[in-house]
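Participant: Provided herewith: input-v3.cif, mmCIF, C-alpha atoms.
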```cif
data_coords
loop_
_atom_site.group_PDB
_atom_site.id
_atom_site.type_symbol
_atom_site.label_atom_id
_atom_site.label_comp_id
_atom_site.auth_asym_id
_atom_site.auth_seq_id
_atom_site.Cartn_x
_atom_site.Cartn_y
_atom_site.Cartn_z
ATOM 1 C CA MET A 1 47.665 106.330 64.587
ATOM 2 C CA GLU A 2 49.575 106.374 61.317
ATOM 3 C CA SER A 3 48.463 108.393 58.287
ATOM 4 C CA TRP A 4 47.632 105.295 56.243
ATOM 5 C CA GLU A 5 45.424 104.036 59.089
ATOM 6 C CA VAL A 6 43.607 107.382 59.210
ATOM 7 C CA LEU A 7 43.017 107.207 55.456
ATOM 8 C CA ARG A 8 41.931 103.565 55.658
ATOM 9 C CA ASN A 9 39.383 104.376 58.362
ATOM 10 C CA ALA A 10 38.139 107.467 56.538
ATOM 11 C CA THR A 11 37.744 105.718 53.189
ATOM 12 C CA GLU A 12 35.827 102.866 54.831
ATOM 13 C CA GLN A 13 33.105 105.404 55.593
ATOM 14 C CA VAL A 14 32.379 106.141 51.910
ATOM 15 C CA GLY A 15 34.286 103.449 50.031
ATOM 16 C CA VAL A 16 37.568 103.509 48.154
ATOM 17 C CA LYS A 17 35.818 103.688 44.772
ATOM 18 C CA ALA A 18 33.901 106.817 45.779
ATOM 19 C CA VAL A 19 37.098 108.507 47.029
ATOM 20 C CA ALA A 20 39.002 107.518 43.888
ATOM 21 C CA ALA A 21 36.207 108.771 41.630
ATOM 22 C CA ARG A 22 35.988 112.117 43.458
ATOM 23 C CA LEU A 23 39.771 112.589 43.187
ATOM 24 C CA GLY A 24 39.925 111.364 39.577
ATOM 25 C CA LEU A 25 42.385 108.628 40.539
ATOM 26 C CA SER A 26 42.483 104.871 40.288
ATOM 27 C CA SER A 27 41.049 102.788 43.105
ATOM 28 C CA ALA A 28 44.370 100.935 43.192
ATOM 29 C CA LEU A 29 46.238 104.105 44.178
ATOM 30 C CA VAL A 30 43.751 104.932 46.930
ATOM 31 C CA TYR A 31 44.023 101.325 48.186
ATOM 32 C CA LYS A 32 47.828 101.750 48.293
ATOM 33 C CA TRP A 33 47.441 104.947 50.356
ATOM 34 C CA CYS A 34 45.491 102.887 52.898
ATOM 35 C CA GLN A 35 48.281 100.350 53.330
ATOM 36 C CA GLU A 36 51.349 100.464 55.500
ATOM 37 C CA PRO A 37 54.126 102.092 53.420
ATOM 38 C CA ALA A 38 57.037 99.969 52.274
ATOM 39 C CA THR A 39 59.461 102.374 53.972
ATOM 40 C CA THR A 40 58.415 101.084 57.399
ATOM 41 C CA ASN A 41 57.645 97.502 56.416
ATOM 42 C CA PRO A 42 59.574 95.873 53.541
ATOM 43 C CA ASP A 43 56.663 93.480 52.881
ATOM 44 C CA ALA A 44 54.130 96.318 52.540
ATOM 45 C CA SER A 45 53.216 98.013 49.273
ATOM 46 C CA GLY A 46 51.687 101.317 50.395
ATOM 47 C CA ALA A 47 52.397 104.556 48.520
ATOM 48 C CA ARG A 48 53.205 107.957 50.044
ATOM 49 C CA ASN A 49 49.741 109.331 50.719
ATOM 50 C CA PRO A 50 48.384 112.895 50.740
ATOM 51 C CA LEU A 51 48.470 113.118 54.547
ATOM 52 C CA ASP A 52 52.176 112.265 54.588
ATOM 53 C CA ARG A 53 52.792 114.828 51.862
ATOM 54 C CA VAL A 54 50.948 117.546 53.787
ATOM 55 C CA ARG A 55 52.969 116.637 56.897
ATOM 56 C CA ILE A 56 56.205 116.970 54.898
ATOM 57 C CA LEU A 57 55.005 120.280 53.451
ATOM 58 C CA TYR A 58 54.305 121.594 56.960
ATOM 59 C CA GLU A 59 57.599 120.277 58.362
ATOM 60 C CA THR A 60 59.475 121.905 55.478
ATOM 61 C CA THR A 61 57.764 125.304 55.659
ATOM 62 C CA GLN A 62 56.950 125.385 59.393
ATOM 63 C CA ASP A 63 53.937 127.480 58.351
ATOM 64 C CA ALA A 64 50.964 126.732 60.610
ATOM 65 C CA ALA A 65 48.681 128.428 58.063
ATOM 66 C CA ILE A 66 48.617 125.058 56.281
ATOM 67 C CA ILE A 67 47.233 123.352 59.368
ATOM 68 C CA ARG A 68 44.876 126.239 60.161
ATOM 69 C CA TRP A 69 43.479 126.042 56.628
ATOM 70 C CA LEU A 70 42.796 122.314 56.962
ATOM 71 C CA CYS A 71 41.143 122.877 60.335
ATOM 72 C CA ALA A 72 38.975 125.645 58.891
ATOM 73 C CA ILE A 73 37.875 123.325 56.060
ATOM 74 C CA ALA A 74 36.768 120.857 58.769
ATOM 75 C CA ASP A 75 34.924 123.692 60.557
ATOM 76 C CA GLY A 76 37.484 123.691 63.344
ATOM 77 C CA PHE A 77 40.402 125.655 64.720
ATOM 78 C CA PHE A 78 44.076 124.853 65.232
ATOM 79 C CA CYS A 79 45.793 125.873 68.440
ATOM 80 C CA ALA A 80 49.421 124.878 68.963
ATOM 81 C CA ASN A 81 50.353 123.455 72.332
ATOM 82 C CA PRO A 82 51.920 126.086 74.567
ATOM 83 C CA ARG A 83 55.613 126.000 75.340
ATOM 84 C CA ALA A 84 56.401 125.001 78.876
ATOM 85 C CA LEU A 85 57.928 127.722 81.007
ATOM 86 C CA SER A 86 61.114 126.756 82.779
ATOM 87 C CA ALA A 87 60.519 128.659 86.005
ATOM 88 C CA PRO A 88 57.023 130.137 86.317
ATOM 89 C CA LYS A 89 56.867 133.363 88.251
ATOM 90 C CA ALA A 90 54.060 135.647 89.300
ATOM 91 C CA GLU A 91 55.010 138.196 86.633
ATOM 92 C CA GLN A 92 54.712 135.511 83.926
ATOM 93 C CA LEU A 93 51.174 134.763 85.070
ATOM 94 C CA LEU A 94 50.366 138.466 85.068
ATOM 95 C CA GLY A 95 51.941 138.916 81.629
ATOM 96 C CA ALA A 96 50.034 135.959 80.175
ATOM 97 C CA THR A 97 46.773 137.262 81.608
ATOM 98 C CA GLN A 98 47.437 140.752 80.269
ATOM 99 C CA GLN A 99 48.190 139.326 76.834
ATOM 100 C CA VAL A 100 44.807 137.549 76.683
ATOM 101 C CA VAL A 101 43.071 140.753 77.779
ATOM 102 C CA ARG A 102 45.046 142.757 75.193
ATOM 103 C CA TYR A 103 44.015 140.437 72.360
ATOM 104 C CA PHE A 104 40.397 140.612 73.527
ATOM 105 C CA GLY A 105 40.649 144.410 73.466
ATOM 106 C CA GLU A 106 42.084 144.306 69.932
ATOM 107 C CA LEU A 107 39.155 142.176 68.811
ATOM 108 C CA LEU A 108 36.647 144.592 70.301
ATOM 109 C CA SER A 109 38.508 147.519 68.768
ATOM 110 C CA ASP A 110 38.473 145.906 65.303
ATOM 111 C CA ILE A 111 34.733 145.297 65.592
ATOM 112 C CA SER A 112 34.069 148.850 66.776
ATOM 113 C CA ARG A 113 36.166 150.415 63.991
ATOM 114 C CA SER A 114 34.352 148.283 61.434
ATOM 115 C CA ILE A 115 30.883 149.496 62.363
ATOM 116 C CA GLU A 116 31.473 153.034 63.625
ATOM 117 C CA ASN A 117 31.296 154.872 60.268
ATOM 118 C CA ASP A 118 28.706 153.018 58.234
ATOM 119 C CA GLY A 119 27.148 150.434 60.544
ATOM 120 C CA VAL A 120 28.213 147.493 58.366
ATOM 121 C CA ILE A 121 31.125 145.078 58.307
ATOM 122 C CA THR A 122 32.753 144.699 54.892
ATOM 123 C CA PRO A 123 34.630 141.555 53.801
ATOM 124 C CA PRO A 124 38.083 143.121 54.444
ATOM 125 C CA GLU A 125 36.892 144.231 57.899
ATOM 126 C CA ALA A 126 35.529 140.740 58.533
ATOM 127 C CA GLU A 127 38.951 139.327 57.656
ATOM 128 C CA ARG A 128 40.641 141.630 60.214
ATOM 129 C CA ILE A 129 38.063 140.576 62.808
ATOM 130 C CA ARG A 130 38.725 136.906 61.975
ATOM 131 C CA GLN A 131 42.473 137.392 62.415
ATOM 132 C CA ALA A 132 41.961 139.133 65.769
ATOM 133 C CA TRP A 133 39.542 136.404 66.877
ATOM 134 C CA ASP A 134 41.936 133.603 65.869
ATOM 135 C CA ARG A 135 44.795 135.335 67.736
ATOM 136 C CA LEU A 136 42.621 135.671 70.852
ATOM 137 C CA LYS A 137 41.440 132.035 70.690
ATOM 138 C CA SER A 138 44.979 130.791 70.302
ATOM 139 C CA HIS A 139 46.393 132.780 73.203
ATOM 140 C CA ALA A 140 43.414 132.055 75.453
ATOM 141 C CA GLU A 141 43.695 128.314 74.741
ATOM 142 C CA CYS A 142 47.428 128.358 75.460
ATOM 143 C CA PHE A 143 46.764 130.210 78.705
ATOM 144 C CA VAL A 144 44.087 127.718 79.811
ATOM 145 C CA VAL A 145 46.265 124.725 78.902
ATOM 146 C CA ALA A 146 49.177 126.223 80.845
ATOM 147 C CA CYS A 147 46.875 126.674 83.837
ATOM 148 C CA GLU A 148 45.686 123.066 83.540
ATOM 149 C CA ARG A 149 49.289 121.859 83.391
ATOM 150 C CA GLY A 150 50.062 123.712 86.596
ATOM 151 C CA THR A 151 52.448 126.123 84.866
ATOM 152 C CA TYR A 152 51.391 128.974 87.120
ATOM 153 C CA ALA A 153 50.940 126.950 90.299
ATOM 154 C CA HIS A 154 53.045 128.126 93.211
ATOM 155 C CA PRO A 155 54.522 125.667 95.673
ATOM 156 C CA ARG A 156 52.506 125.473 98.864
ATOM 157 C CA ARG A 157 53.760 127.718 101.583
ATOM 158 C CA GLN A 158 54.208 126.156 104.969
#
```
Show the structure stored in the file as structure tokens.

Facilitator:
Amino acid sequence: MESWEVLRNATEQVGVKAVAARLGLSSALVYKWCQEPATTNPDASGARNPLDRVRILYETTQDAAIIRWLCAIADGFFCANPRALSAPKAEQLLGATQQVVRYFGELLSDISRSIENDGVITPPEAERIRQAWDRLKSHAECFVVACERGTYAHPRRQ
């Protein structure tokens, strides 16, 4: 689905006028965002929309924090697809498993350090816990996806 189609579908839920009013923009501009851009169709009149701009910003910076921030705003989590291994071996499976366990241990350690002295978790400590949790979720998801893709499957022995 193209960005303009996503915006068109999303604005249909609340109405273009409501979106335009909330953004302090004209309804005409929001309507243009919801049309196919002229760059792909010479007969179209769409304007470069915010989703395309965010995509360009991400592609330029290659900083996944942009995507993670958007996901967090939507009460979600971003996890990049894992890279495919060229020749899976038993030690790669062991290493991947150990990495998930290591990140889980780091999370538990951050939690323990946060509460051991005063029994409370301060905002900076909560931020460290969040970072450890996000790292664990990301690596665990990549591990599970790799398993589902058969990355660690061994050929059947005869």

Participant: Range 106-154 of chain A near range 62-83 of chain A within 9 Å: what's each residue's closest atom pair and its distance in Å to one decimal, counting all atoms listed in the file, ordered by chain then ascending residue number, as a tab-separated table?

Facilitator:
```
residue	atom	partner	partner_atom	distance
A:Asp134	CA	A:Phe77	CA	8.2
A:Lys137	CA	A:Cys79	CA	7.9
A:Ser138	CA	A:Cys79	CA	5.3
A:His139	CA	A:Cys79	CA	8.4
A:Glu141	CA	A:Cys79	CA	7.1
A:Cys142	CA	A:Pro82	CA	5.1
A:Phe143	CA	A:Pro82	CA	7.8
A:Val145	CA	A:Pro82	CA	7.3
A:Ala146	CA	A:Pro82	CA	6.9
```

Participant: To one decimal in Å, tell me the separation between CA of Ile56 in chain A and CA of Arg130 in chain A.

Facilitator: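 Those two atoms sit 27.4 Å apart.
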
Participant: With only C-alpha atoms as the counted atoms, please give the residues lying no more than 12 Å from Thr11 in chain A, apart from itself and same-chain residues fewer than 6 positions off, as a ChimeraX atom specification.

Facilitator: /A:4-5,17-20,22,27,30-35

Participant: Keeping only C-alpha atoms, write those residues as a PDB file, in the coordinates of the input.

Facilitator:
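part.pdb was written with the following content:
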```pdb
ATOM      1  CA  TRP A   4      47.632 105.295  56.243  1.00  0.00           C
ATOM      2  CA  GLU A   5      45.424 104.036  59.089  1.00  0.00           C
ATOM      3  CA  LYS A  17      35.818 103.688  44.772  1.00  0.00           C
ATOM      4  CA  ALA A  18      33.901 106.817  45.779  1.00  0.00           C
ATOM      5  CA  VAL A  19      37.098 108.507  47.029  1.00  0.00           C
ATOM      6  CA  ALA A  20      39.002 107.518  43.888  1.00  0.00           C
ATOM      7  CA  ARG A  22      35.988 112.117  43.458  1.00  0.00           C
ATOM      8  CA  SER A  27      41.049 102.788  43.105  1.00  0.00           C
ATOM      9  CA  VAL A  30      43.751 104.932  46.930  1.00  0.00           C
ATOM     10  CA  TYR A  31      44.023 101.325  48.186  1.00  0.00           C
ATOM     11  CA  LYS A  32      47.828 101.750  48.293  1.00  0.00           C
ATOM     12  CA  TRP A  33      47.441 104.947  50.356  1.00  0.00           C
ATOM     13  CA  CYS A  34      45.491 102.887  52.898  1.00  0.00           C
ATOM     14  CA  GLN A  35      48.281 100.350  53.330  1.00  0.00           C
TER      15      GLN A  35
END
```

Participant: Can you list what the PyMOL selection byres ((chain A and resi 52) around 12) grabs from this structure, as a list in words?

Facilitator: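 Evaluating the PyMOL selection byres ((chain A and resi 52) around 12) on this file yields Glu2, Ser3, Trp4, Glu5, Val6, Leu7, Trp33, Cys34, Glu36, Pro37, Gly46, Ala47, Arg48, Asn49, Pro50, Leu51, Arg53, Val54, Arg55, Ile56, Leu57, Tyr58 and Glu59 of chain A.
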
Participant: Just the number, please: distance in Å from CA of Leu107 in chain A to CA of Arg128 in chain A, one decimal.

Facilitator: 8.7 Å

Participant: What is the CA of Ala10 in chain A-CA of Leu23 in chain A distance in Å, reported with one decimal?

Facilitator: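 Atom-to-atom, CA of Ala10 in chain A and CA of Leu23 in chain A are spaced 14.4 Å apart.
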